[in-house]
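Next comes input-v2.cif, with mmCIF, C-alpha atoms.
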data_input
loop_
_atom_site.group_PDB
_atom_site.id
_atom_site.type_symbol
_atom_site.label_atom_id
_atom_site.label_comp_id
_atom_site.auth_asym_id
_atom_site.auth_seq_id
_atom_site.Cartn_x
_atom_site.Cartn_y
_atom_site.Cartn_z
ATOM 1 C CA MET J 1 6.864 12.266 -20.113
ATOM 2 C CA ASP J 2 9.014 15.126 -21.345
ATOM 3 C CA GLY J 3 11.644 14.925 -18.659
ATOM 4 C CA THR J 4 10.137 17.663 -16.529
ATOM 5 C CA SER J 5 10.208 15.275 -13.606
ATOM 6 C CA ALA J 6 13.768 15.058 -12.342
ATOM 7 C CA GLU J 7 13.454 11.446 -11.209
ATOM 8 C CA TRP J 8 12.842 10.008 -14.693
ATOM 9 C CA ARG J 9 15.662 8.905 -17.013
ATOM 10 C CA SER J 10 15.479 8.267 -20.731
ATOM 11 C CA TYR J 11 17.471 6.013 -23.031
ATOM 12 C CA VAL J 12 17.557 4.922 -26.649
ATOM 13 C CA ASN J 13 19.260 1.605 -27.347
ATOM 14 C CA PHE J 14 21.253 0.614 -30.428
ATOM 15 C CA ARG J 15 18.990 0.233 -33.428
ATOM 16 C CA SER J 16 19.904 -1.979 -36.384
ATOM 17 C CA PRO J 17 19.784 -0.306 -39.820
ATOM 18 C CA PHE J 18 17.549 -3.244 -40.821
ATOM 19 C CA ASP J 19 15.125 -2.512 -38.021
ATOM 20 C CA PRO J 20 11.786 -1.540 -39.615
ATOM 21 C CA CYS J 21 10.621 0.179 -36.418
ATOM 22 C CA PRO J 22 11.519 3.802 -35.707
ATOM 23 C CA ALA J 23 13.687 4.474 -32.669
ATOM 24 C CA ARG J 24 11.664 4.933 -29.554
ATOM 25 C CA VAL J 25 12.751 6.706 -26.401
ATOM 26 C CA LYS J 26 12.248 4.559 -23.292
ATOM 27 C CA TRP J 27 11.882 5.845 -19.772
ATOM 28 C CA TYR J 28 12.462 4.525 -16.298
ATOM 29 C CA ASP J 29 11.921 5.856 -12.822
ATOM 30 C CA VAL J 30 14.612 6.460 -10.239
ATOM 31 C CA PRO J 31 12.327 6.970 -7.232
ATOM 32 C CA PRO J 32 13.372 9.321 -4.406
ATOM 33 C CA ALA J 33 14.044 6.379 -2.054
ATOM 34 C CA VAL J 34 16.847 5.322 -4.407
ATOM 35 C CA THR J 35 18.340 8.815 -4.648
ATOM 36 C CA TYR J 36 17.951 9.580 -0.927
ATOM 37 C CA PRO J 37 17.974 6.210 0.849
ATOM 38 C CA VAL J 38 18.021 7.760 4.323
ATOM 39 C CA GLN J 39 15.472 10.348 5.451
ATOM 40 C CA LYS J 40 17.288 13.239 7.117
ATOM 41 C CA SER J 41 14.450 15.113 8.750
ATOM 42 C CA ALA J 42 10.758 14.827 9.577
ATOM 43 C CA ARG J 43 10.205 18.569 9.554
ATOM 44 C CA LYS J 44 8.723 19.046 6.094
ATOM 45 C CA GLN J 45 5.285 17.424 5.937
ATOM 46 C CA PHE J 46 2.053 17.479 3.963
ATOM 47 C CA ALA J 47 -1.134 18.325 5.843
ATOM 48 C CA PRO J 48 -3.047 15.133 6.820
ATOM 49 C CA GLN J 49 -5.667 15.253 4.021
ATOM 50 C CA GLU J 50 -3.026 16.048 1.429
ATOM 51 C CA ALA J 51 -0.775 13.267 2.757
ATOM 52 C CA LEU J 52 -3.642 10.773 2.471
ATOM 53 C CA ARG J 53 -4.195 11.774 -1.147
ATOM 54 C CA LYS J 54 -0.500 11.598 -2.026
ATOM 55 C CA GLY J 55 0.245 8.372 -0.170
ATOM 56 C CA THR J 56 2.990 9.915 1.935
ATOM 57 C CA LEU J 57 3.518 12.455 4.680
ATOM 58 C CA TRP J 58 6.897 13.450 3.248
ATOM 59 C CA PRO J 59 7.134 15.930 0.332
ATOM 60 C CA GLU J 60 10.765 14.895 -0.295
ATOM 61 C CA TYR J 61 9.584 11.360 -1.057
ATOM 62 C CA ASP J 62 6.516 12.244 -3.082
ATOM 63 C CA SER J 63 6.870 10.524 -6.444
ATOM 64 C CA PRO J 64 3.906 11.300 -8.711
ATOM 65 C CA TYR J 65 2.889 8.831 -11.419
ATOM 66 C CA PRO J 66 2.477 9.476 -14.273
ATOM 67 C CA PRO J 67 5.294 12.003 -13.752
ATOM 68 C CA VAL J 68 4.305 15.654 -13.843
ATOM 69 C CA MET Z 69 -34.176 -9.396 -5.298
ATOM 70 C CA SER Z 70 -34.160 -7.700 -1.982
ATOM 71 C CA GLU Z 71 -32.250 -4.467 -1.790
ATOM 72 C CA THR Z 72 -30.463 -3.366 1.331
ATOM 73 C CA THR Z 73 -29.515 0.050 0.081
ATOM 74 C CA GLU Z 74 -29.579 2.498 2.926
ATOM 75 C CA SER Z 75 -28.202 5.936 2.703
ATOM 76 C CA LEU Z 76 -25.673 6.656 5.394
ATOM 77 C CA PRO Z 77 -25.651 10.111 6.964
ATOM 78 C CA LYS Z 78 -23.172 12.603 5.577
ATOM 79 C CA ALA Z 79 -21.419 12.740 8.933
ATOM 80 C CA TYR Z 80 -20.516 9.036 8.574
ATOM 81 C CA TYR Z 81 -18.382 9.787 5.536
ATOM 82 C CA GLN Z 82 -16.966 12.983 7.015
ATOM 83 C CA TYR Z 83 -15.853 11.153 10.159
ATOM 84 C CA LEU Z 84 -14.374 8.289 8.158
ATOM 85 C CA GLN Z 85 -12.526 10.642 5.854
ATOM 86 C CA GLU Z 86 -11.025 12.544 8.770
ATOM 87 C CA LEU Z 87 -10.148 9.344 10.628
ATOM 88 C CA GLN Z 88 -8.522 8.018 7.484
ATOM 89 C CA ALA Z 89 -6.302 11.092 7.233
ATOM 90 C CA ILE Z 90 -5.306 11.015 10.924
ATOM 91 C CA ASP Z 91 -4.722 7.259 10.783
ATOM 92 C CA PHE Z 92 -2.594 7.711 7.706
ATOM 93 C CA VAL Z 93 -0.373 10.272 9.427
ATOM 94 C CA LEU Z 94 0.052 7.762 12.268
ATOM 95 C CA VAL Z 95 0.946 4.989 9.800
ATOM 96 C CA ASP Z 96 3.597 7.016 8.003
ATOM 97 C CA LEU Z 97 4.975 8.461 11.262
ATOM 98 C CA THR Z 98 5.169 4.933 12.681
ATOM 99 C CA LEU Z 99 7.413 3.760 9.852
ATOM 100 C CA TYR Z 100 9.554 6.878 10.254
ATOM 101 C CA LEU Z 101 9.910 6.265 14.001
ATOM 102 C CA ASP Z 102 10.778 2.602 13.359
ATOM 103 C CA THR Z 103 13.991 3.779 11.694
ATOM 104 C CA HIS Z 104 14.394 7.056 13.658
ATOM 105 C CA PRO Z 105 13.473 6.038 17.229
ATOM 106 C CA ASP Z 106 15.415 8.942 18.770
ATOM 107 C CA ASP Z 107 13.558 11.765 17.013
ATOM 108 C CA GLU Z 108 11.775 13.332 19.977
ATOM 109 C CA GLN Z 109 9.910 15.883 17.924
ATOM 110 C CA ALA Z 110 8.410 13.187 15.688
ATOM 111 C CA LEU Z 111 7.480 11.171 18.768
ATOM 112 C CA ALA Z 112 5.723 14.208 20.245
ATOM 113 C CA GLN Z 113 3.783 14.640 17.013
ATOM 114 C CA PHE Z 114 2.863 10.956 17.091
ATOM 115 C CA LYS Z 115 1.433 11.317 20.587
ATOM 116 C CA GLN Z 116 -0.547 14.373 19.581
ATOM 117 C CA PHE Z 117 -2.097 12.582 16.595
ATOM 118 C CA GLN Z 118 -2.788 9.556 18.752
ATOM 119 C CA LYS Z 119 -4.960 11.791 20.941
ATOM 120 C CA ARG Z 120 -6.769 13.208 17.913
ATOM 121 C CA LYS Z 121 -7.408 9.684 16.634
ATOM 122 C CA HIS Z 122 -8.733 8.575 19.978
ATOM 123 C CA ASN Z 123 -11.145 11.511 20.214
ATOM 124 C CA LEU Z 124 -12.434 10.983 16.691
ATOM 125 C CA MET Z 125 -12.797 7.245 17.265
ATOM 126 C CA THR Z 126 -14.832 7.791 20.411
ATOM 127 C CA GLN Z 127 -17.177 10.156 18.595
ATOM 128 C CA PHE Z 128 -17.541 7.889 15.565
ATOM 129 C CA GLU Z 129 -18.107 4.760 17.604
ATOM 130 C CA SER Z 130 -20.783 6.287 19.797
ATOM 131 C CA ALA Z 131 -22.639 7.390 16.659
ATOM 132 C CA PHE Z 132 -22.038 4.490 14.246
ATOM 133 C CA GLY Z 133 -20.734 1.445 16.108
ATOM 134 C CA PRO Z 134 -17.410 -0.290 16.654
ATOM 135 C CA LEU Z 135 -14.353 0.272 14.448
ATOM 136 C CA TYR Z 136 -12.163 -2.427 16.013
ATOM 137 C CA HIS Z 137 -12.683 -5.947 17.247
ATOM 138 C CA TYR Z 138 -11.197 -8.072 20.072
ATOM 139 C CA GLY Z 139 -12.232 -5.599 22.739
ATOM 140 C CA LEU Z 140 -10.438 -2.570 21.344
ATOM 141 C CA SER Z 141 -13.743 -0.775 20.804
ATOM 142 C CA PRO Z 142 -16.258 -0.363 23.620
ATOM 143 C CA ALA Z 143 -19.143 -2.856 23.561
ATOM 144 C CA THR Z 144 -22.110 -0.569 24.045
ATOM 145 C CA GLY Z 145 -25.775 -1.411 23.724
ATOM 146 C CA ALA Z 146 -27.599 -4.635 24.469
ATOM 147 C CA SER Z 147 -26.680 -6.570 21.327
ATOM 148 C CA TRP Z 148 -23.450 -7.587 19.585
ATOM 149 C CA ALA Z 149 -22.831 -4.675 17.219
ATOM 150 C CA TRP Z 150 -19.775 -6.121 15.431
ATOM 151 C CA SER Z 151 -21.877 -8.174 13.042
ATOM 152 C CA GLU Z 152 -23.962 -5.214 11.932
ATOM 153 C CA THR Z 153 -23.339 -3.684 8.515
ATOM 154 C CA PRO Z 154 -21.916 -1.843 6.742
ATOM 155 C CA TRP Z 155 -18.362 -3.119 6.349
ATOM 156 C CA PRO Z 156 -15.711 -0.774 4.970
ATOM 157 C CA TRP Z 157 -15.752 -2.323 1.489
ATOM 158 C CA GLN Z 158 -19.523 -1.859 1.226
ATOM 159 C CA VAL Z 159 -19.832 1.861 1.843
ATOM 160 C CA MET D 160 -10.422 -6.007 -17.851
ATOM 161 C CA LEU D 161 -9.290 -3.746 -15.012
ATOM 162 C CA ALA D 162 -10.413 -6.216 -12.338
ATOM 163 C CA LYS D 163 -8.391 -8.918 -14.056
ATOM 164 C CA MET D 164 -5.265 -6.747 -13.982
ATOM 165 C CA LEU D 165 -5.820 -5.743 -10.360
ATOM 166 C CA ILE D 166 -5.838 -9.423 -9.383
ATOM 167 C CA GLU D 167 -2.093 -9.378 -10.149
ATOM 168 C CA GLN D 168 -1.614 -7.301 -6.994
ATOM 169 C CA TYR D 169 -3.898 -9.624 -5.009
ATOM 170 C CA GLY D 170 -2.410 -13.048 -5.614
ATOM 171 C CA GLY D 171 0.524 -12.320 -7.921
ATOM 172 C CA ALA D 172 4.248 -12.741 -7.248
ATOM 173 C CA ASP D 173 4.829 -9.096 -6.318
ATOM 174 C CA GLY D 174 1.335 -8.558 -4.964
ATOM 175 C CA GLU D 175 0.208 -7.487 -1.526
ATOM 176 C CA LEU D 176 -0.340 -11.015 -0.163
ATOM 177 C CA SER D 177 3.206 -11.983 -1.064
ATOM 178 C CA ALA D 178 4.494 -8.798 0.529
ATOM 179 C CA ALA D 179 2.600 -9.238 3.813
ATOM 180 C CA LEU D 180 3.619 -12.870 4.218
ATOM 181 C CA ARG D 181 7.225 -12.216 3.182
ATOM 182 C CA TYR D 182 7.816 -9.551 5.843
ATOM 183 C CA LEU D 183 5.833 -11.112 8.656
ATOM 184 C CA ASN D 184 7.669 -14.405 8.127
ATOM 185 C CA GLN D 185 11.130 -12.829 8.059
ATOM 186 C CA ARG D 186 10.503 -11.089 11.388
ATOM 187 C CA TYR D 187 11.455 -14.072 13.511
ATOM 188 C CA SER D 188 15.051 -14.342 12.386
ATOM 189 C CA ILE D 189 15.914 -10.665 11.806
ATOM 190 C CA PRO D 190 17.814 -8.598 14.435
ATOM 191 C CA ASP D 191 15.602 -6.972 17.091
ATOM 192 C CA LYS D 192 16.179 -3.456 15.802
ATOM 193 C CA VAL D 193 14.194 -4.027 12.605
ATOM 194 C CA ILE D 194 11.495 -6.462 13.803
ATOM 195 C CA GLY D 195 9.166 -3.544 14.492
ATOM 196 C CA LEU D 196 9.580 -2.222 10.961
ATOM 197 C CA LEU D 197 8.917 -5.616 9.341
ATOM 198 C CA THR D 198 5.850 -6.034 11.571
ATOM 199 C CA ASP D 199 4.467 -2.612 10.670
ATOM 200 C CA ILE D 200 5.067 -2.830 6.929
ATOM 201 C CA GLY D 201 3.808 -6.437 6.874
ATOM 202 C CA THR D 202 0.544 -5.414 8.521
ATOM 203 C CA GLU D 203 0.170 -2.386 6.264
ATOM 204 C CA GLU D 204 0.396 -4.743 3.265
ATOM 205 C CA PHE D 205 -2.661 -6.605 4.577
ATOM 206 C CA ALA D 206 -4.522 -3.285 4.550
ATOM 207 C CA HIS D 207 -3.423 -2.822 0.930
ATOM 208 C CA LEU D 208 -4.650 -6.347 0.183
ATOM 209 C CA GLU D 209 -8.054 -5.239 1.471
ATOM 210 C CA MET D 210 -7.946 -2.190 -0.789
ATOM 211 C CA ILE D 211 -7.249 -4.338 -3.865
ATOM 212 C CA ALA D 212 -9.971 -6.779 -2.803
ATOM 213 C CA THR D 213 -12.429 -3.918 -2.400
ATOM 214 C CA MET D 214 -11.643 -2.579 -5.864
ATOM 215 C CA VAL D 215 -12.022 -6.003 -7.514
ATOM 216 C CA TYR D 216 -15.215 -6.686 -5.549
ATOM 217 C CA LYS D 217 -16.775 -3.363 -6.532
ATOM 218 C CA LEU D 218 -15.796 -3.772 -10.176
ATOM 219 C CA THR D 219 -17.242 -7.288 -10.475
ATOM 220 C CA LYS D 220 -20.125 -7.637 -7.999
ATOM 221 C CA ASP D 221 -22.859 -6.462 -10.385
ATOM 222 C CA ALA D 222 -21.428 -7.786 -13.633
ATOM 223 C CA THR D 223 -23.314 -10.498 -15.528
ATOM 224 C CA PRO D 224 -21.482 -13.727 -16.346
ATOM 225 C CA GLU D 225 -21.384 -12.526 -19.926
ATOM 226 C CA GLN D 226 -19.741 -9.252 -18.938
ATOM 227 C CA LEU D 227 -17.215 -11.152 -16.855
ATOM 228 C CA ARG D 228 -16.454 -13.348 -19.871
ATOM 229 C CA GLU D 229 -15.910 -10.257 -22.019
ATOM 230 C CA ALA D 230 -13.570 -8.897 -19.348
ATOM 231 C CA GLY D 231 -11.466 -12.050 -19.550
ATOM 232 C CA LEU D 232 -12.842 -13.390 -16.278
ATOM 233 C CA GLY D 233 -14.856 -16.262 -17.748
ATOM 234 C CA ASP D 234 -12.422 -18.878 -16.446
ATOM 235 C CA HIS D 235 -12.410 -17.199 -13.063
ATOM 236 C CA TYR D 236 -16.206 -17.241 -12.917
ATOM 237 C CA VAL D 237 -16.388 -20.946 -13.765
ATOM 238 C CA ASN D 238 -14.064 -21.824 -10.891
ATOM 239 C CA HIS D 239 -14.840 -19.143 -8.308
ATOM 240 C CA GLY D 240 -18.127 -17.447 -9.164
ATOM 241 C CA TYR D 241 -18.154 -13.931 -7.761
ATOM 242 C CA SER D 242 -15.651 -14.728 -5.059
ATOM 243 C CA LEU D 243 -12.094 -13.510 -5.111
ATOM 244 C CA PHE D 244 -9.151 -15.855 -5.256
ATOM 245 C CA TYR D 245 -5.423 -15.568 -4.688
ATOM 246 C CA HIS D 246 -4.095 -15.907 -8.203
ATOM 247 C CA ASP D 247 -2.318 -13.587 -10.599
ATOM 248 C CA ALA D 248 -3.709 -11.835 -13.678
ATOM 249 C CA ALA D 249 -2.964 -14.917 -15.790
ATOM 250 C CA GLY D 250 -4.761 -17.245 -13.338
ATOM 251 C CA ASN D 251 -1.707 -18.870 -11.738
ATOM 252 C CA PRO D 252 -2.572 -19.653 -8.106
ATOM 253 C CA TRP D 253 -0.522 -17.939 -5.406
ATOM 254 C CA THR D 254 2.440 -19.970 -4.258
ATOM 255 C CA ALA D 255 4.904 -19.677 -1.383
ATOM 256 C CA ALA D 256 7.619 -19.804 -4.048
ATOM 257 C CA TYR D 257 6.859 -16.112 -4.616
ATOM 258 C CA ILE D 258 8.383 -15.176 -1.302
ATOM 259 C CA ALA D 259 11.913 -15.691 -0.096
ATOM 260 C CA SER D 260 13.350 -16.034 3.353
ATOM 261 C CA LYS D 261 17.043 -16.709 3.503
ATOM 262 C CA GLY D 262 17.540 -16.129 7.217
ATOM 263 C CA ASP D 263 20.369 -13.737 6.385
ATOM 264 C CA PRO D 264 19.374 -10.206 7.436
ATOM 265 C CA ILE D 265 21.092 -8.392 4.565
ATOM 266 C CA ALA D 266 19.902 -10.890 1.941
ATOM 267 C CA ASP D 267 16.345 -10.674 3.294
ATOM 268 C CA LEU D 268 16.272 -6.865 3.372
ATOM 269 C CA TYR D 269 17.609 -6.618 -0.182
ATOM 270 C CA GLU D 270 14.924 -9.104 -1.191
ATOM 271 C CA ASP D 271 12.379 -6.778 0.423
ATOM 272 C CA ILE D 272 13.750 -3.686 -1.333
ATOM 273 C CA ALA D 273 13.587 -5.525 -4.671
ATOM 274 C CA ALA D 274 10.022 -6.642 -3.908
ATOM 275 C CA GLU D 275 8.957 -3.038 -3.243
ATOM 276 C CA GLU D 276 10.527 -1.794 -6.497
ATOM 277 C CA LYS D 277 8.819 -4.614 -8.431
ATOM 278 C CA ALA D 278 5.472 -3.812 -6.848
ATOM 279 C CA ARG D 279 6.017 -0.115 -7.685
ATOM 280 C CA ALA D 280 6.669 -1.012 -11.325
ATOM 281 C CA THR D 281 3.613 -3.287 -11.431
ATOM 282 C CA TYR D 282 1.427 -0.432 -10.188
ATOM 283 C CA GLN D 283 2.865 1.791 -12.933
ATOM 284 C CA TRP D 284 1.940 -0.761 -15.612
ATOM 285 C CA ILE D 285 -1.589 -1.112 -14.224
ATOM 286 C CA ILE D 286 -2.035 2.695 -14.004
ATOM 287 C CA ASP D 287 -0.898 2.925 -17.652
ATOM 288 C CA ASN D 288 -3.759 0.572 -18.533
ATOM 289 C CA THR D 289 -6.481 2.362 -16.569
ATOM 290 C CA ASP D 290 -8.725 5.276 -17.324
ATOM 291 C CA ASP D 291 -10.981 4.956 -14.271
ATOM 292 C CA PRO D 292 -10.046 8.103 -12.294
ATOM 293 C CA ASP D 293 -10.969 6.694 -8.856
ATOM 294 C CA ILE D 294 -9.082 3.447 -9.354
ATOM 295 C CA LYS D 295 -6.146 5.481 -10.653
ATOM 296 C CA ASP D 296 -6.118 7.557 -7.464
ATOM 297 C CA SER D 297 -6.060 4.447 -5.291
ATOM 298 C CA LEU D 298 -3.307 2.849 -7.380
ATOM 299 C CA ARG D 299 -1.198 6.003 -7.206
ATOM 300 C CA PHE D 300 -1.577 5.920 -3.439
ATOM 301 C CA LEU D 301 -0.473 2.281 -3.321
ATOM 302 C CA ARG D 302 2.479 2.954 -5.639
ATOM 303 C CA GLU D 303 3.677 5.768 -3.391
ATOM 304 C CA ARG D 304 3.502 3.437 -0.375
ATOM 305 C CA GLU D 305 5.949 1.107 -2.152
ATOM 306 C CA VAL D 306 8.348 4.056 -2.510
ATOM 307 C CA ILE D 307 8.154 4.731 1.233
ATOM 308 C CA HIS D 308 8.519 1.052 2.170
ATOM 309 C CA SER D 309 11.571 0.828 -0.050
ATOM 310 C CA LEU D 310 13.012 3.844 1.782
ATOM 311 C CA ARG D 311 12.427 2.248 5.186
ATOM 312 C CA PHE D 312 14.018 -1.063 4.148
ATOM 313 C CA ARG D 313 17.037 0.857 2.839
ATOM 314 C CA GLU D 314 17.267 2.613 6.209
ATOM 315 C CA ALA D 315 16.992 -0.768 7.920
ATOM 316 C CA VAL D 316 20.087 -1.899 6.002
ATOM 317 C CA GLU D 317 21.892 1.189 7.333
ATOM 318 C CA ILE D 318 20.770 0.331 10.878
ATOM 319 C CA LEU D 319 22.140 -3.207 10.536
ATOM 320 C CA LYS D 320 25.444 -1.861 9.206
ATOM 321 C CA GLU D 321 25.791 0.131 12.437
ATOM 322 C CA TYR D 322 24.456 -2.571 14.742
ATOM 323 C CA GLN D 323 27.714 -3.310 16.556
ATOM 324 C CA GLY D 324 28.767 0.327 16.712
ATOM 325 C CA SER D 325 27.441 3.190 18.739
ATOM 326 C CA LYS D 326 23.877 4.399 18.455
ATOM 327 C CA LYS D 327 23.477 6.193 15.179
ATOM 328 C CA VAL D 328 21.316 9.232 14.664
ATOM 329 C CA PHE D 329 20.484 9.977 11.061
#

Go through the file and emit its structure as structure tokens.
Amino acid sequence: MDGTSAEWRSYVNFRSPFDPCPARVKWYDVPPAVTYPVQKSARKQFAPQEALRKGTLWPEYDSPYPPV
Amino acid sequence: MSETTESLPKAYYQYLQELQAIDFVLVDLTLYLDTHPDDEQALAQFKQFQKRKHNLMTQFESAFGPLYHYGLSPATGASWAWSETPWPWQV
Amino acid sequence: MLAKMLIEQYGGADGELSAALRYLNQRYSIPDKVIGLLTDIGTEEFAHLEMIATMVYKLTKDATPEQLREAGLGDHYVNHGYSLFYHDAAGNPWTAAYIASKGDPIADLYEDIAAEEKARATYQWIIDNTDDPDIKDSLRFLREREVIHSLRFREAVEILKEYQGSKKVF
């Protein structure tokens, strides 16, 4: 997860100076349905076999995991 | 232990795979149409895929038996084919 | 181990059974315009339930009791043998307390959106714990479906916002 996928966000929380563990970057997903909560058009589509593999017909809402 | 391993013809899997893809398009289009009922182009596509599904289903069922119950698939042959294997989770 | 984790999506709080029953139950009191959507997503969740069941069945059907014990399924085997059961990964039986139905359309749809995001996250955590490539493929498929369902429920909220107004075309 190096941030190449635009839908992932990273954060590092406050770390106490007494904390023996090194700081670790955490990640969370902001899936496309959150960013675009209303589908505008049905024009762009995957071909049927590709859609079946991806789990959606809509490229705009394709959210690969782990992120690519 | 009695084994009931039978190899299914290649066409069985090819048909199922294609049906799966067409069915999936219908599933995802259905949800789209549920929230966009006025999209005529999407509705036209739905109808077209419905036809493709129907054709594939007819071919599959005449070769391998019923896909649906409660009278949605034709009851052909002299015996009740619904209880014949395999079930989807067995193949 | 994998079968034990998958059971979370069979009989767990944010699993497919909860999802199917949640939506199909809410249908009766929701405005007409979104009954179709709840019906369709609710039924699709039953298909996903079958997918999870198939994966668990195929992973466990030929295992010896000893192998099941090593996979953390010893307790399951003692109670259920090789059959499946609606409980979560920790063995808690499914309960109707997992689903909500407030009878308020907005409250119910936000509940549904939250349920989809929780199920999406659960699939991520299971995928993180899997190296079986075929199971991974299936779980990625199911995770993506949660993204789409979440989208449709969000659109349903928009439809209800406009309900009294003129017909809205997105």

Show me a table, sorted first by chain and then by increasing residue number, of the residues of chain J having an atom at most 12 Å from chain D, each with its shortest atom pair and the distance in Å to one decimal, counting all atoms listed in the file and written as a Markdown table.
| residue | atom | partner | partner_atom | distance |
| --- | --- | --- | --- | --- |
| J:Tyr28 | CA | D:Ala280 | CA | 9.4 |
| J:Asp29 | CA | D:Ala280 | CA | 8.8 |
| J:Val30 | CA | D:Glu276 | CA | 9.9 |
| J:Pro31 | CA | D:Val306 | CA | 6.8 |
| J:Pro32 | CA | D:Val306 | CA | 7.5 |
| J:Ala33 | CA | D:Leu310 | CA | 4.7 |
| J:Val34 | CA | D:Leu310 | CA | 7.4 |
| J:Thr35 | CA | D:Leu310 | CA | 9.7 |
| J:Tyr36 | CA | D:Leu310 | CA | 8.0 |
| J:Pro37 | CA | D:Leu310 | CA | 5.6 |
| J:Val38 | CA | D:Glu314 | CA | 5.5 |
| J:Gln39 | CA | D:Phe329 | CA | 7.5 |
| J:Lys40 | CA | D:Phe329 | CA | 6.0 |
| J:Ser41 | CA | D:Phe329 | CA | 8.3 |
| J:Ala42 | CA | D:Phe329 | CA | 11.0 |
| J:Glu50 | CA | D:Phe300 | CA | 11.3 |
| J:Ala51 | CA | D:Phe300 | CA | 9.6 |
| J:Leu52 | CA | D:Phe300 | CA | 7.9 |
| J:Arg53 | CA | D:Phe300 | CA | 6.8 |
| J:Lys54 | CA | D:Phe300 | CA | 5.9 |
| J:Gly55 | CA | D:Phe300 | CA | 4.5 |
| J:Thr56 | CA | D:Glu303 | CA | 6.8 |
| J:Leu57 | CA | D:Ile307 | CA | 9.6 |
| J:Trp58 | CA | D:Ile307 | CA | 9.0 |
| J:Pro59 | CA | D:Ile307 | CA | 11.3 |
| J:Glu60 | CA | D:Ile307 | CA | 10.6 |
| J:Tyr61 | CA | D:Ile307 | CA | 7.2 |
| J:Asp62 | CA | D:Glu303 | CA | 7.1 |
| J:Ser63 | CA | D:Glu303 | CA | 6.5 |
| J:Pro64 | CA | D:Arg299 | CA | 7.5 |
| J:Tyr65 | CA | D:Arg299 | CA | 6.5 |
| J:Pro66 | CA | D:Gln283 | CA | 7.8 |
| J:Pro67 | CA | D:Gln283 | CA | 10.5 |

Selection under test: the PyMOL selection byres ((chain Z) within 12 of (chain D)); residues as JSON, numbers by chain: {"Z": [91, 92, 94, 95, 96, 97, 98, 99, 100, 101, 102, 103, 104, 105, 106, 107, 108, 155, 156, 157, 158, 159]}

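Going from CA of Ala89 in chain Z over to CA of Ala47 in chain J, you cover 9.0 Å.
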
To test your reading of the syntax: which residues would the PyMOL selection byres ((chain Z and resi 117-131) around 7) return for the file shown? Reply as a list in words.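 Applied to this file, the PyMOL selection byres ((chain Z and resi 117-131) around 7) selects Tyr83, Leu87, Ile90, Asp91, Leu94, Gln113, Phe114, Lys115, Gln116, Phe132, Gly133, Pro134 and Leu135 of chain Z.
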
Smallest atom-to-atom distance to chain J: which of Z:Val93, Z:Leu84, Z:Leu140, Z:Ala149, using all atoms listed in the file?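 Among the listed residues, Z:Val93 lies closest to chain J.
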
Output of the PyMOL selection byres ((chain J and resi 8) around 7), listed as a PyMOL selection string: chain J and resi 3+5-7+9-10+27-30

Under the rule that all atoms listed in the file are counted, which of Z:Ser151, Z:Thr144, Z:Leu76, Z:Gln85 is the nearest residue to chain J?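 Result for the nearest residue to chain J: Z:Gln85.
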
From the set Z:Glu74, Z:Gln88, Z:Trp148, Z:Tyr81, which residue has the shortest atom-to-atom contact distance to chain J, counting only C-alpha atoms?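 Among Z:Glu74, Z:Gln88, Z:Trp148, Z:Tyr81, it is Z:Gln88 that comes nearest to chain J.
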
Could you tell me how far CA of Ile166 in chain D sits from CA of Ser260 in chain D, in Å to one decimal place?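 For CA of Ser260 in chain D relative to CA of Ile166 in chain D, the distance reads 24.0 Å.
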
For the atom pair CA of Gln45 in chain J and CA of Trp284 in chain D, what is the interatomic distance in Å to one decimal place?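 For CA of Gln45 in chain J relative to CA of Trp284 in chain D, the distance reads 28.4 Å.
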
Specify the axis-aligned box that encloses all atoms of range 119-134 of chain Z listed in the file after padding of 6 Å on each side, stating its centre and edge lengths in Å to one decimal as JSON.
{"center_x": -13.8, "center_y": 6.5, "center_z": 17.6, "size_x": 29.7, "size_y": 25.5, "size_z": 18.7}

For each of J:Asn13, J:Phe46, J:Asp19, J:Arg24, take the minimum atom-to-atom distance to chain Z, counting all atoms listed in the file, then give the residue where this is smallest.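 Checking each of J:Asn13, J:Phe46, J:Asp19, J:Arg24 against chain Z, counting all atoms listed in the file, the winner is J:Phe46.
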
What residues have an atom no more than 6 Å from (11.8, -17.0, 8.2) in the file's own frame, counting only C-alpha atoms, and can you write them as a list in words?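 It turns out the residues near that spot are Asn184, Gln185, Ser188, Ser260 and Gly262 of chain D.
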
Give me, as number ranges by chain, all polymer residues having an atom no more than 9 Å from Gln168 in chain D, counting only C-alpha atoms and skipping those fewer than 2 positions away in the same chain. D: 164-166, 170-177, 208, 211, 247-248, 278, 281-282
